[in-house]
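What's in model23.cif: mmCIF, C-alpha atoms
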```cif
data_final
#
loop_
_atom_site.label_atom_id
_atom_site.label_comp_id
_atom_site.auth_asym_id
_atom_site.auth_seq_id
_atom_site.Cartn_x
_atom_site.Cartn_y
_atom_site.Cartn_z
CA MET N 11 50.91 61.55 95.20
CA ARG N 12 54.16 61.25 93.28
CA ALA N 13 57.52 61.36 95.09
CA PRO N 14 59.72 63.51 92.82
CA ALA N 15 63.26 62.50 91.93
CA LEU N 16 64.25 66.14 92.29
CA LEU N 17 63.45 66.25 95.98
CA PRO N 18 66.95 65.61 97.42
CA CYS N 19 68.41 68.40 95.28
CA VAL N 20 65.87 71.07 95.97
CA LEU N 21 65.93 70.43 99.70
CA ALA N 22 69.62 71.30 99.49
CA VAL N 23 68.65 74.67 98.01
CA VAL N 24 69.61 73.61 94.50
CA ALA N 25 73.13 72.73 95.60
CA CYS N 26 73.37 69.43 93.72
CA GLY N 27 76.23 69.50 91.23
CA GLY N 28 78.20 72.54 90.15
CA ALA N 29 76.64 75.86 89.26
CA PRO N 30 76.21 76.46 85.52
CA ASP N 31 78.28 79.00 83.73
CA ALA N 32 76.79 82.48 83.51
CA PRO N 33 75.44 83.50 80.11
CA SER N 34 78.14 84.97 77.89
CA ALA N 35 75.79 87.63 76.52
CA ALA N 36 72.62 89.33 77.61
CA GLY N 37 70.86 88.98 74.26
CA ALA N 38 69.01 91.73 72.42
CA GLU N 39 67.62 94.91 73.91
CA TRP N 40 63.82 94.91 73.96
CA THR N 41 61.80 97.99 74.82
CA VAL N 42 58.37 98.68 76.27
CA ASP N 43 56.68 101.93 75.27
CA PRO N 44 56.33 104.08 78.40
CA GLU N 45 52.83 105.28 77.50
CA PRO N 46 50.03 102.69 77.60
CA VAL N 47 47.97 101.95 74.51
CA VAL N 48 44.90 101.13 76.65
CA THR N 49 44.08 102.11 80.25
CA LEU N 50 41.24 100.53 82.23
CA GLY N 51 40.19 102.20 85.48
CA GLY N 52 42.49 104.77 87.02
CA ALA N 53 41.08 108.26 86.54
CA ASP N 54 37.99 106.92 84.74
CA GLU N 55 35.45 106.74 87.59
CA ARG N 56 32.50 105.41 85.63
CA PRO N 57 31.27 102.36 87.59
CA GLU N 58 31.60 99.98 84.64
CA GLN N 59 35.22 101.09 84.08
CA ILE N 60 36.44 100.86 87.69
CA VAL N 61 38.88 98.02 88.41
CA HIS N 62 39.64 97.46 92.09
CA GLU N 63 41.42 94.62 93.86
CA VAL N 64 42.59 93.16 90.57
CA VAL N 65 43.91 89.60 90.89
CA GLY N 66 44.36 88.79 87.21
CA ALA N 67 43.98 90.01 83.65
CA THR N 68 44.40 88.44 80.22
CA ARG N 69 44.16 89.55 76.60
CA LEU N 70 42.09 87.39 74.26
CA ASP N 71 43.05 86.62 70.67
CA ASP N 72 40.68 89.28 69.29
CA GLY N 73 42.20 91.98 71.52
CA ARG N 74 39.55 92.02 74.23
CA ILE N 75 40.85 92.33 77.79
CA VAL N 76 39.39 90.36 80.70
CA VAL N 77 39.96 91.50 84.30
CA ALA N 78 39.15 89.59 87.52
CA LEU N 79 38.28 91.58 90.66
CA GLN N 80 38.64 89.94 94.05
CA GLY N 81 36.52 92.16 96.30
CA ALA N 82 33.59 92.59 93.89
CA SER N 83 33.79 88.92 92.83
CA GLU N 84 33.34 90.06 89.25
CA VAL N 85 34.93 89.44 85.88
CA LYS N 86 34.87 92.42 83.52
CA ILE N 87 35.32 92.19 79.76
CA PHE N 88 36.57 95.20 77.79
CA GLY N 89 36.96 95.78 74.07
CA PRO N 90 40.34 96.24 72.36
CA ASP N 91 39.86 100.02 72.75
CA GLY N 92 39.11 99.76 76.47
CA ALA N 93 35.33 100.16 76.22
CA HIS N 94 33.39 98.12 78.79
CA LEU N 95 31.48 95.26 77.17
CA ARG N 96 30.21 93.06 79.98
CA THR N 97 30.44 92.29 83.69
CA VAL N 98 29.81 88.72 84.82
CA GLY N 99 29.70 87.03 88.19
CA GLY N 100 29.19 88.98 91.35
CA PRO N 101 28.95 87.60 94.90
CA GLY N 102 26.67 84.62 95.36
CA GLY N 103 26.33 80.88 95.08
CA GLY N 104 24.44 80.56 91.82
CA PRO N 105 25.83 79.42 88.45
CA GLY N 106 28.45 81.89 87.27
CA GLU N 107 28.61 83.68 90.63
CA PHE N 108 31.68 83.81 92.85
CA SER N 109 32.82 84.45 96.37
CA GLY N 110 36.36 85.78 96.64
CA ILE N 111 38.12 85.46 93.27
CA HIS N 112 41.83 84.66 93.59
CA ALA N 113 43.05 84.04 90.02
CA LEU N 114 42.11 84.24 86.36
CA ALA N 115 43.60 82.31 83.43
CA ARG N 116 43.02 82.00 79.69
CA LEU N 117 42.76 78.45 78.35
CA PRO N 118 42.71 77.33 74.68
CA ALA N 119 39.92 78.80 72.49
CA ASP N 120 39.86 81.75 74.92
CA THR N 121 37.99 79.76 77.57
CA LEU N 122 38.38 81.52 80.90
CA LEU N 123 39.27 79.78 84.17
CA VAL N 124 38.32 81.55 87.41
CA LEU N 125 39.59 80.32 90.78
CA SER N 126 37.59 81.48 93.79
CA GLU N 127 36.81 80.62 97.39
CA ARG N 128 33.40 79.42 96.22
CA PRO N 129 32.59 77.49 94.14
CA GLY N 130 36.32 76.91 93.56
CA LEU N 131 36.76 76.44 89.82
CA THR N 132 34.55 78.10 87.18
CA LEU N 133 34.84 77.89 83.41
CA LEU N 134 33.47 80.75 81.31
CA SER N 135 33.26 81.08 77.54
CA ALA N 136 35.19 83.81 75.74
CA ASP N 137 32.03 85.92 75.93
CA GLY N 138 31.70 85.40 79.69
CA ASP N 139 28.89 82.83 79.60
CA HIS N 140 28.91 80.25 82.38
CA VAL N 141 30.08 76.82 81.21
CA ARG N 142 30.76 74.80 84.36
CA SER N 143 31.47 75.14 88.06
CA LEU N 144 33.31 72.67 90.27
CA ARG N 145 33.67 72.74 94.02
CA THR N 146 37.28 72.42 95.13
CA SER N 147 39.43 73.54 98.05
CA LEU N 148 42.02 76.08 96.94
CA TRP N 149 43.90 76.14 100.22
CA GLY N 150 44.81 72.46 100.57
CA ARG N 151 43.87 72.10 104.23
CA ASP N 152 41.96 68.89 103.46
CA ARG N 153 45.14 67.30 102.07
CA HIS N 154 47.81 69.06 104.13
CA PRO N 155 46.37 70.24 107.48
CA CYS N 156 49.68 71.82 108.50
CA ARG N 157 50.22 73.69 105.23
CA MET N 158 48.69 76.77 103.67
CA ALA N 159 48.52 77.85 100.03
CA ILE N 160 50.36 81.17 99.77
CA GLY N 161 47.69 82.75 97.59
CA ARG N 162 49.07 82.39 94.08
CA TRP N 163 47.97 79.95 91.37
CA ASP N 164 49.41 79.46 87.88
CA ALA N 165 47.05 77.73 85.43
CA LEU N 166 48.12 75.32 82.70
CA PRO N 167 46.42 75.14 79.27
CA ASP N 168 44.58 71.94 80.25
CA GLY N 169 42.90 73.56 83.26
CA ARG N 170 45.22 72.20 85.95
CA TRP N 171 47.06 74.68 88.09
CA VAL N 172 50.16 74.92 90.24
CA THR N 173 50.49 76.40 93.69
CA VAL N 174 52.84 76.27 96.67
CA LEU N 175 51.67 75.07 100.07
CA GLU N 176 53.93 76.40 102.82
CA ASP N 177 54.49 74.85 106.21
CA ASN N 178 52.15 76.69 108.59
CA PRO N 179 53.88 76.58 111.99
CA GLY N 180 52.07 77.50 115.17
CA GLN N 181 48.84 75.66 114.38
CA PRO N 182 47.61 73.02 116.87
CA GLY N 183 49.34 69.73 116.21
CA CYS N 184 51.77 71.28 113.71
CA THR N 185 55.35 72.58 113.85
CA PRO N 186 55.69 74.96 116.82
CA LEU N 187 56.76 78.56 116.30
CA THR N 188 60.37 79.27 117.19
CA ALA N 189 62.42 82.44 117.51
CA GLY N 190 65.07 83.48 115.00
CA ILE N 191 65.51 83.17 111.26
CA GLN N 192 63.88 80.08 109.71
CA ARG N 193 62.78 78.66 106.33
CA PRO N 194 59.51 76.71 106.46
CA SER N 195 59.28 74.33 103.52
CA GLY N 196 57.17 75.00 100.43
CA LEU N 197 55.44 72.09 98.72
CA LEU N 198 54.99 72.62 94.96
CA GLU N 199 51.71 70.94 94.03
CA LEU N 200 50.08 70.24 90.66
CA GLN N 201 46.32 70.37 91.20
CA ASP N 202 43.75 68.70 88.93
CA ALA N 203 40.39 69.41 90.54
CA VAL N 204 38.40 67.83 87.69
CA ARG N 205 40.00 64.43 88.28
CA GLY N 206 40.56 64.90 92.00
CA ARG N 207 44.32 64.41 91.59
CA TYR N 208 46.96 66.39 93.50
CA ASP N 209 50.62 65.62 92.79
CA THR N 210 53.61 66.79 94.78
CA LEU N 211 56.29 67.88 92.30
CA ALA N 212 58.97 69.18 94.66
CA VAL N 213 59.62 70.42 98.17
CA MET N 214 61.84 73.48 98.55
CA PRO N 215 62.64 76.03 101.23
CA GLY N 216 59.74 78.50 101.35
CA ALA N 217 59.68 82.13 102.39
CA GLU N 218 62.38 83.09 104.88
CA ARG N 219 60.92 84.24 108.19
CA ASN N 220 62.04 86.18 111.23
CA ALA N 221 60.15 84.34 113.98
CA PRO N 222 56.48 84.21 112.83
CA MET N 223 56.65 86.87 110.08
CA TRP N 224 58.36 87.24 106.69
CA ARG N 225 61.94 88.45 106.75
CA VAL N 226 62.73 91.79 105.11
CA TYR N 227 64.85 91.20 101.95
CA GLY N 228 64.40 87.52 102.71
CA ALA N 229 64.92 84.54 100.45
CA ASP N 230 61.78 83.13 98.89
CA LEU N 231 60.50 80.39 96.61
CA VAL N 232 59.62 81.68 93.12
CA TRP N 233 58.08 79.78 90.24
CA ALA N 234 56.27 80.11 86.91
CA ALA N 235 54.26 77.68 84.79
CA ALA N 236 54.78 77.13 81.06
CA GLU N 237 52.71 74.90 78.78
CA ASP N 238 54.80 71.78 79.34
CA ARG N 239 57.11 72.61 82.25
CA LEU N 240 57.61 74.55 85.45
CA TYR N 241 60.44 76.87 86.44
CA VAL N 242 61.28 76.87 90.14
CA ALA N 243 64.04 78.60 92.10
CA ASP N 244 65.16 79.71 95.48
CA SER N 245 65.49 83.47 95.05
CA ARG N 246 69.10 83.39 96.31
CA SER N 247 70.20 80.49 94.13
CA GLU N 248 72.54 80.60 91.13
CA ARG N 249 70.23 78.20 89.28
CA ILE N 250 66.62 77.86 88.16
CA ALA N 251 65.19 74.36 87.88
CA SER N 252 63.17 73.45 84.79
CA LEU N 253 60.80 70.61 85.73
CA SER N 254 58.48 68.44 83.71
CA LEU N 255 54.86 68.24 84.83
CA ASP N 256 55.79 64.87 86.35
CA GLY N 257 58.39 66.52 88.59
CA ASP N 258 61.45 65.32 86.66
CA THR N 259 64.39 67.64 86.09
CA LEU N 260 64.63 68.81 82.49
CA ALA N 261 67.42 71.35 82.85
CA TRP N 262 69.17 73.79 85.17
CA LEU N 263 69.14 77.37 83.93
CA PRO N 264 71.56 80.02 85.21
CA THR N 265 70.13 82.83 87.30
CA PRO N 266 71.23 85.86 85.22
CA PHE N 267 71.83 88.19 88.17
CA ALA N 268 74.47 88.29 90.90
CA GLU N 269 73.80 89.01 94.55
CA VAL N 270 74.06 92.65 95.63
CA GLN N 271 75.16 93.64 99.11
CA VAL N 272 72.57 95.33 101.32
CA PRO N 273 74.01 98.78 102.15
CA PRO N 274 74.02 100.13 105.72
CA GLU N 275 71.42 102.79 104.89
CA ALA N 276 68.94 100.03 104.01
CA THR N 277 69.27 98.33 107.41
CA ARG N 278 68.47 101.13 109.84
CA VAL N 279 64.76 100.54 110.40
CA ARG N 280 64.25 98.76 113.70
CA GLN N 281 60.57 97.94 113.54
CA ARG N 282 58.40 95.81 111.32
CA PRO N 283 57.32 97.50 108.08
CA SER N 284 53.61 98.20 107.80
CA LEU N 285 51.58 95.43 106.22
CA PRO N 286 48.09 96.01 104.78
CA MET N 287 45.66 93.69 106.56
CA PRO N 288 42.19 92.83 105.20
CA PRO N 289 39.19 93.65 107.43
CA GLY N 290 38.75 91.12 110.20
CA TYR N 291 42.38 89.90 110.17
CA ARG N 292 44.50 90.29 113.26
CA PRO N 293 47.72 92.29 112.87
CA PRO N 294 50.94 90.24 112.91
CA ILE N 295 52.71 89.45 116.15
CA PRO N 296 55.11 92.27 117.11
CA MET N 297 58.73 91.60 116.29
CA ASP N 298 61.46 91.73 118.88
CA PRO N 299 64.09 94.41 118.06
CA PRO N 300 66.74 94.81 116.84
CA TYR N 301 65.87 93.62 113.34
CA ASP N 302 68.20 91.05 111.75
CA TYR N 303 68.92 91.99 108.11
CA PRO N 304 70.57 89.66 105.57
CA SER N 305 73.96 90.71 104.19
CA HIS N 306 72.82 90.50 100.53
CA TYR N 307 69.61 90.94 98.59
CA PRO N 308 68.22 87.87 96.80
CA ARG N 309 69.24 87.47 93.16
CA LEU N 310 65.78 87.40 91.63
CA GLY N 311 62.35 88.60 92.65
CA ARG N 312 60.01 86.97 90.17
CA LEU N 313 59.64 84.49 87.29
CA LEU N 314 57.10 84.88 84.49
CA VAL N 315 56.52 82.89 81.28
CA ASP N 316 55.27 84.92 78.31
CA ARG N 317 52.83 83.66 75.68
CA THR N 318 55.69 82.67 73.36
CA GLY N 319 57.12 80.32 76.01
CA ALA N 320 60.11 82.48 76.99
CA LEU N 321 61.08 82.79 80.65
CA TRP N 322 61.31 86.31 82.10
CA VAL N 323 63.58 86.59 85.16
CA MET N 324 63.22 89.75 87.24
CA ALA N 325 66.21 91.15 89.12
CA TYR N 326 65.64 91.69 92.81
CA PRO N 327 65.81 95.47 93.24
CA ALA N 328 68.41 97.05 95.52
CA VAL N 329 65.71 98.84 97.51
CA GLN N 330 66.55 101.22 100.33
CA ASP N 331 63.37 100.73 102.37
CA PRO N 332 62.56 97.50 104.23
CA VAL N 333 60.23 95.32 102.19
CA TYR N 334 59.04 91.73 102.22
CA SER N 335 60.26 89.79 99.19
CA TRP N 336 56.83 88.41 98.31
CA ARG N 337 55.70 91.95 97.42
CA PHE N 338 57.72 91.77 94.21
CA SER N 339 55.89 88.62 93.04
CA ALA N 340 52.34 88.85 94.43
CA VAL N 341 49.69 90.89 92.65
CA ARG N 342 48.02 91.90 95.89
CA GLY N 343 50.09 94.59 97.64
CA PHE N 344 52.73 94.56 94.88
CA GLU N 345 55.73 96.89 94.74
CA VAL N 346 57.78 97.84 91.67
CA GLU N 347 61.39 98.97 91.55
CA GLU N 348 61.76 102.71 91.06
CA GLY N 349 62.42 103.28 87.37
CA GLY N 350 60.75 100.00 86.44
CA ALA N 351 61.62 96.36 86.93
CA ARG N 352 64.72 94.90 85.21
CA TRP N 353 64.32 91.58 83.37
CA ARG N 354 66.43 89.05 81.50
CA VAL N 355 64.56 86.84 79.04
CA LEU N 356 65.73 83.24 78.52
CA ASP N 357 64.65 80.48 76.16
CA PRO N 358 63.77 77.05 77.66
CA THR N 359 67.43 75.96 77.49
CA GLY N 360 68.63 79.05 79.40
CA ARG N 361 70.02 80.84 76.34
CA PRO N 362 69.70 84.62 76.84
CA LEU N 363 67.24 86.25 74.45
CA ALA N 364 67.00 89.82 75.69
CA THR N 365 67.20 92.39 78.43
CA VAL N 366 64.19 94.62 79.03
CA ARG N 367 62.87 97.09 81.58
CA THR N 368 59.14 97.34 82.19
CA PRO N 369 57.65 100.81 82.81
CA PRO N 370 57.80 102.41 86.28
CA GLY N 371 54.96 101.35 88.53
CA VAL N 372 53.75 98.56 86.22
CA PHE N 373 53.36 95.06 87.64
CA PRO N 374 53.15 92.70 84.61
CA LEU N 375 50.22 90.29 84.68
CA GLU N 376 50.66 88.85 81.17
CA ILE N 377 53.25 89.31 78.42
CA GLY N 378 52.52 88.55 74.78
CA SER N 379 54.61 88.67 71.63
CA ASP N 380 54.07 92.42 71.27
CA TYR N 381 52.50 93.68 74.51
CA VAL N 382 52.79 93.86 78.28
CA LEU N 383 49.51 93.80 80.21
CA GLY N 384 49.98 95.04 83.75
CA LEU N 385 48.56 96.60 86.89
CA THR N 386 49.39 100.04 88.29
CA LYS N 387 48.16 102.10 91.21
CA ASP N 388 48.51 105.79 92.03
CA ALA N 389 49.41 107.51 95.31
CA TYR N 390 45.85 106.93 96.53
CA ASP N 391 45.95 103.21 95.64
CA VAL N 392 43.55 103.70 92.73
CA GLU N 393 44.21 100.78 90.39
CA ALA N 394 44.41 100.69 86.61
CA VAL N 395 45.04 97.87 84.16
CA VAL N 396 47.33 99.06 81.37
CA LEU N 397 48.39 97.65 78.00
CA HIS N 398 51.85 98.66 76.75
CA ARG N 399 53.46 97.94 73.39
CA LEU N 400 56.48 95.60 73.51
CA VAL N 401 59.10 95.91 70.79
CA ARG N 402 61.32 92.84 70.46
#
```
Could you render the structure from this file as structure tokens?
Amino acid sequence: MRAPALLPCVLAVVACGGAPDAPSAAGAEWTVDPEPVVTLGGADERPEQIVHEVVGATRLDDGRIVVALQGASEVKIFGPDGAHLRTVGGPGGGPGEFSGIHALARLPADTLLVLSERPGLTLLSADGDHVRSLRTSLWGRDRHPCRMAIGRWDALPDGRWVTVLEDNPGQPGCTPLTAGIQRPSGLLELQDAVRGRYDTLAVMPGAERNAPMWRVYGADLVWAAAEDRLYVADSRSERIASLSLDGDTLAWLPTPFAEVQVPPEATRVRQRPSLPMPPGYRPPIPMDPPYDYPSHYPRLGRLLVDRTGALWVMAYPAVQDPVYSWRFSAVRGFEVEEGGARWRVLDPTGRPLATVRTPPGVFPLEIGSDYVLGLTKDAYDVEAVVLHRLVR
């Protein structure tokens, strides 16, 4: 396990050296058509069209769209026009079957990578045929008994993936739970299940907590994987670290948004916001009132790398209702700023390329040169995968 040279800096919440100058210009104005070109699911209640508990989606080179469903443990393949072509997988332990899908990625030649509780890693052909399965532990308990993967994985083109393992206080033999505001650490790990290699790239402050639960409007660790580098930031920082896949610092990019003060009307709720809990999970420990709000919102809520290699930085919305910061970056239980999310697009050196706003209610899953593929849900939590045209 490699000890990264970046570690002393990131533990200081990217405070090493002076902050970079803010970009002098915002770049071009890109637009996303408000009406989707293709809609999967939503009002279409035919069984083969339903998409529920979506954890990932990707668009293949020929225009087909692949969607991974967590609860059904299925991968559905749709044509460029949205017509259902094939469903593969389903719950079970046989070849090509899954138990609890958590992520989907597209590798070169449109090979599909599926990460699941069991078997762990599955490769499918572009047509959905089973290629190979490999048993691996997604959660990292075998390597880090006092840490827990936070439930998000970013795949690289070579089949490795990146995740963050947060300190898991309160477990027997681990860091005890304490009262008050705290920042358990987040370990950024590069995982190569095929070779059995797991490299620590950096350790940063993880999700800010109020006693045992996430803090409303709290700081968080955000990251995104590109083909040859990773972008990592504390959501309150003025800088975004660009790291090599060996953990070395390539560059510091400016965070293109300033902090915004939390107004009094957004701090009046004195009980924990509701949190959807899966069946069988215990509800979180009640929080002692009064609630302690931060003075400012974080600067950014999410990072995403598009298929051209550009970095999309999402502004943290100045929301008026209490919300946990992870809900702006996690596909499960996501929230979107009213009016659509605001983004600044940067090249790998930090040069501003564009400003863009994605459509209201759309949580982007993948961005190409001329499209945004995202997830939406209606007032009844009925999900739909939508494809919007992007004009650069």
Can you spell out as a count of residues only the set of residues that the PyMOL selection byres ((chain N and resi 336-347) around 6) selects in the structure I just provided?
9
Hey, what comes out of the PyMOL selection byres ((chain N and resi 147) around 10) on this file? Could you write it as JSON, numbers by chain?
{"N": [125, 126, 127, 128, 129, 130, 131, 144, 145, 146, 148, 149, 150, 151, 152, 153, 203]}
Hey, what's within 6 Å of segment 193-199 of chain N if we count only C-alpha atoms and toss same-chain stuff fewer than 6 positions away? As an mmCIF file with C-alpha atoms, in the frame of the given file, please?
```cif
data_model
loop_
_atom_site.group_PDB
_atom_site.id
_atom_site.type_symbol
_atom_site.label_atom_id
_atom_site.label_comp_id
_atom_site.auth_asym_id
_atom_site.auth_seq_id
_atom_site.Cartn_x
_atom_site.Cartn_y
_atom_site.Cartn_z
ATOM 1 C CA VAL N 172 50.160 74.920 90.240
ATOM 2 C CA THR N 173 50.490 76.400 93.690
ATOM 3 C CA VAL N 174 52.840 76.270 96.670
ATOM 4 C CA LEU N 175 51.670 75.070 100.070
ATOM 5 C CA GLU N 176 53.930 76.400 102.820
ATOM 6 C CA ASP N 177 54.490 74.850 106.210
ATOM 7 C CA ASP N 209 50.620 65.620 92.790
ATOM 8 C CA THR N 210 53.610 66.790 94.780
ATOM 9 C CA LEU N 211 56.290 67.880 92.300
ATOM 10 C CA ALA N 212 58.970 69.180 94.660
ATOM 11 C CA VAL N 213 59.620 70.420 98.170
ATOM 12 C CA MET N 214 61.840 73.480 98.550
ATOM 13 C CA PRO N 215 62.640 76.030 101.230
ATOM 14 C CA GLY N 216 59.740 78.500 101.350
ATOM 15 C CA GLU N 218 62.380 83.090 104.880
#
```
In Å, with one decimal, what is the gap from atom CA of Ser135 of chain N to atom CA of Val48 of chain N?
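Those two atoms sit 23.2 Å apart.
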For a test of reading the model, state the distance in Å between atom CA of Gly138 of chain N and atom CA of Ala159 of chain N, rounded to one decimal.
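Pair atom CA of Gly138 of chain N / atom CA of Ala159 of chain N returns 27.5 Å.
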Shortest interatomic distance to Arg116 of chain N - which of N:Arg317, N:Asp244, N:Ala234, N:Gly100, counting all atoms listed in the file:
N:Arg317
From the set N:Gln330, N:Thr359, N:Gln59, N:Asn220, which residue has the shortest atom-to-atom contact distance to Tyr301 of chain N, counting all atoms listed in the file?
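Smallest distance to Tyr301 of chain N is found for N:Asn220.
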Expand the PyMOL selection byres ((chain N and resi 166-168) around 7) into the individual residues it matches in the shown file, reporting them as a VMD selection string.
chain N and resid 117 to 118 164 to 165 169 to 171 235 237
What is the distance between atom CA of Ile191 of chain N and atom CA of Tyr307 of chain N, in Å to one decimal?
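So the two atoms, atom CA of Ile191 of chain N and atom CA of Tyr307 of chain N, lie 15.4 Å apart.
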Give me the residues near Leu263 of chain N as a list in words, where near means some atom within 6 Å (using all atoms listed in the file) and where sequence neighbours in that chain fewer than 5 positions away do not count.
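Once the nearby chain positions are removed, what remains is Arg249, Ile250 and Gly360 of chain N.
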Select, counting only C-alpha atoms, all protein, DNA and RNA residues no farther than 12 Å from (62.1, 106.4, 78.8) in file coordinates, and express the selection as a ChimeraX atom specification.
/N:41-45,349-350,366-370
Because the input lacks atoms here, generate all heavy atoms for segment 206-213 of chain N and report them as a compact mmCIF listing (two decimals), in the frame of the given file.
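Output contents, as saved in part-v1.txt:
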```txt
# COMPACT_ATOMS: atom_id res chain seq x y z
N GLY N 206 40.29 65.12 90.59
CA GLY N 206 40.56 64.90 92.00
C GLY N 206 41.96 64.41 92.27
O GLY N 206 42.20 63.64 93.21
N ARG N 207 42.92 64.87 91.46
CA ARG N 207 44.32 64.41 91.59
C ARG N 207 45.21 65.58 92.00
O ARG N 207 45.13 66.66 91.41
CB ARG N 207 44.80 63.82 90.27
CG ARG N 207 46.23 63.30 90.30
CD ARG N 207 46.63 62.75 88.93
NE ARG N 207 48.04 62.37 88.91
CZ ARG N 207 48.52 61.19 89.26
NH1 ARG N 207 47.68 60.26 89.69
NH2 ARG N 207 49.81 60.92 89.20
N TYR N 208 46.07 65.35 92.99
CA TYR N 208 46.96 66.39 93.50
C TYR N 208 48.34 65.78 93.65
O TYR N 208 48.54 64.89 94.49
CB TYR N 208 46.44 66.93 94.84
CG TYR N 208 45.04 67.48 94.73
CD1 TYR N 208 43.93 66.66 94.91
CD2 TYR N 208 44.83 68.82 94.43
CE1 TYR N 208 42.64 67.17 94.79
CE2 TYR N 208 43.54 69.34 94.31
CZ TYR N 208 42.46 68.51 94.50
OH TYR N 208 41.18 69.01 94.37
N ASP N 209 49.29 66.22 92.83
CA ASP N 209 50.62 65.62 92.79
C ASP N 209 51.66 66.56 93.37
O ASP N 209 51.74 67.73 92.97
CB ASP N 209 51.01 65.27 91.35
CG ASP N 209 50.17 64.15 90.78
OD1 ASP N 209 49.71 63.31 91.58
OD2 ASP N 209 49.97 64.09 89.56
N THR N 210 52.47 66.04 94.27
CA THR N 210 53.61 66.79 94.78
C THR N 210 54.76 66.70 93.78
O THR N 210 55.21 65.60 93.45
CB THR N 210 54.07 66.24 96.14
OG1 THR N 210 53.01 66.40 97.09
CG2 THR N 210 55.30 66.98 96.63
N LEU N 211 55.21 67.86 93.29
CA LEU N 211 56.29 67.88 92.30
C LEU N 211 57.65 68.11 92.94
O LEU N 211 58.66 67.63 92.43
CB LEU N 211 56.02 68.97 91.26
CG LEU N 211 54.72 68.82 90.47
CD1 LEU N 211 54.59 69.94 89.46
CD2 LEU N 211 54.65 67.46 89.78
N ALA N 212 57.69 68.88 94.01
CA ALA N 212 58.97 69.18 94.66
C ALA N 212 58.68 69.80 96.01
O ALA N 212 57.60 70.34 96.25
CB ALA N 212 59.81 70.14 93.81
N VAL N 213 59.67 69.73 96.89
CA VAL N 213 59.62 70.42 98.17
C VAL N 213 60.88 71.26 98.28
O VAL N 213 61.99 70.73 98.15
CB VAL N 213 59.50 69.45 99.35
CG1 VAL N 213 59.49 70.21 100.67
CG2 VAL N 213 58.24 68.60 99.23
```
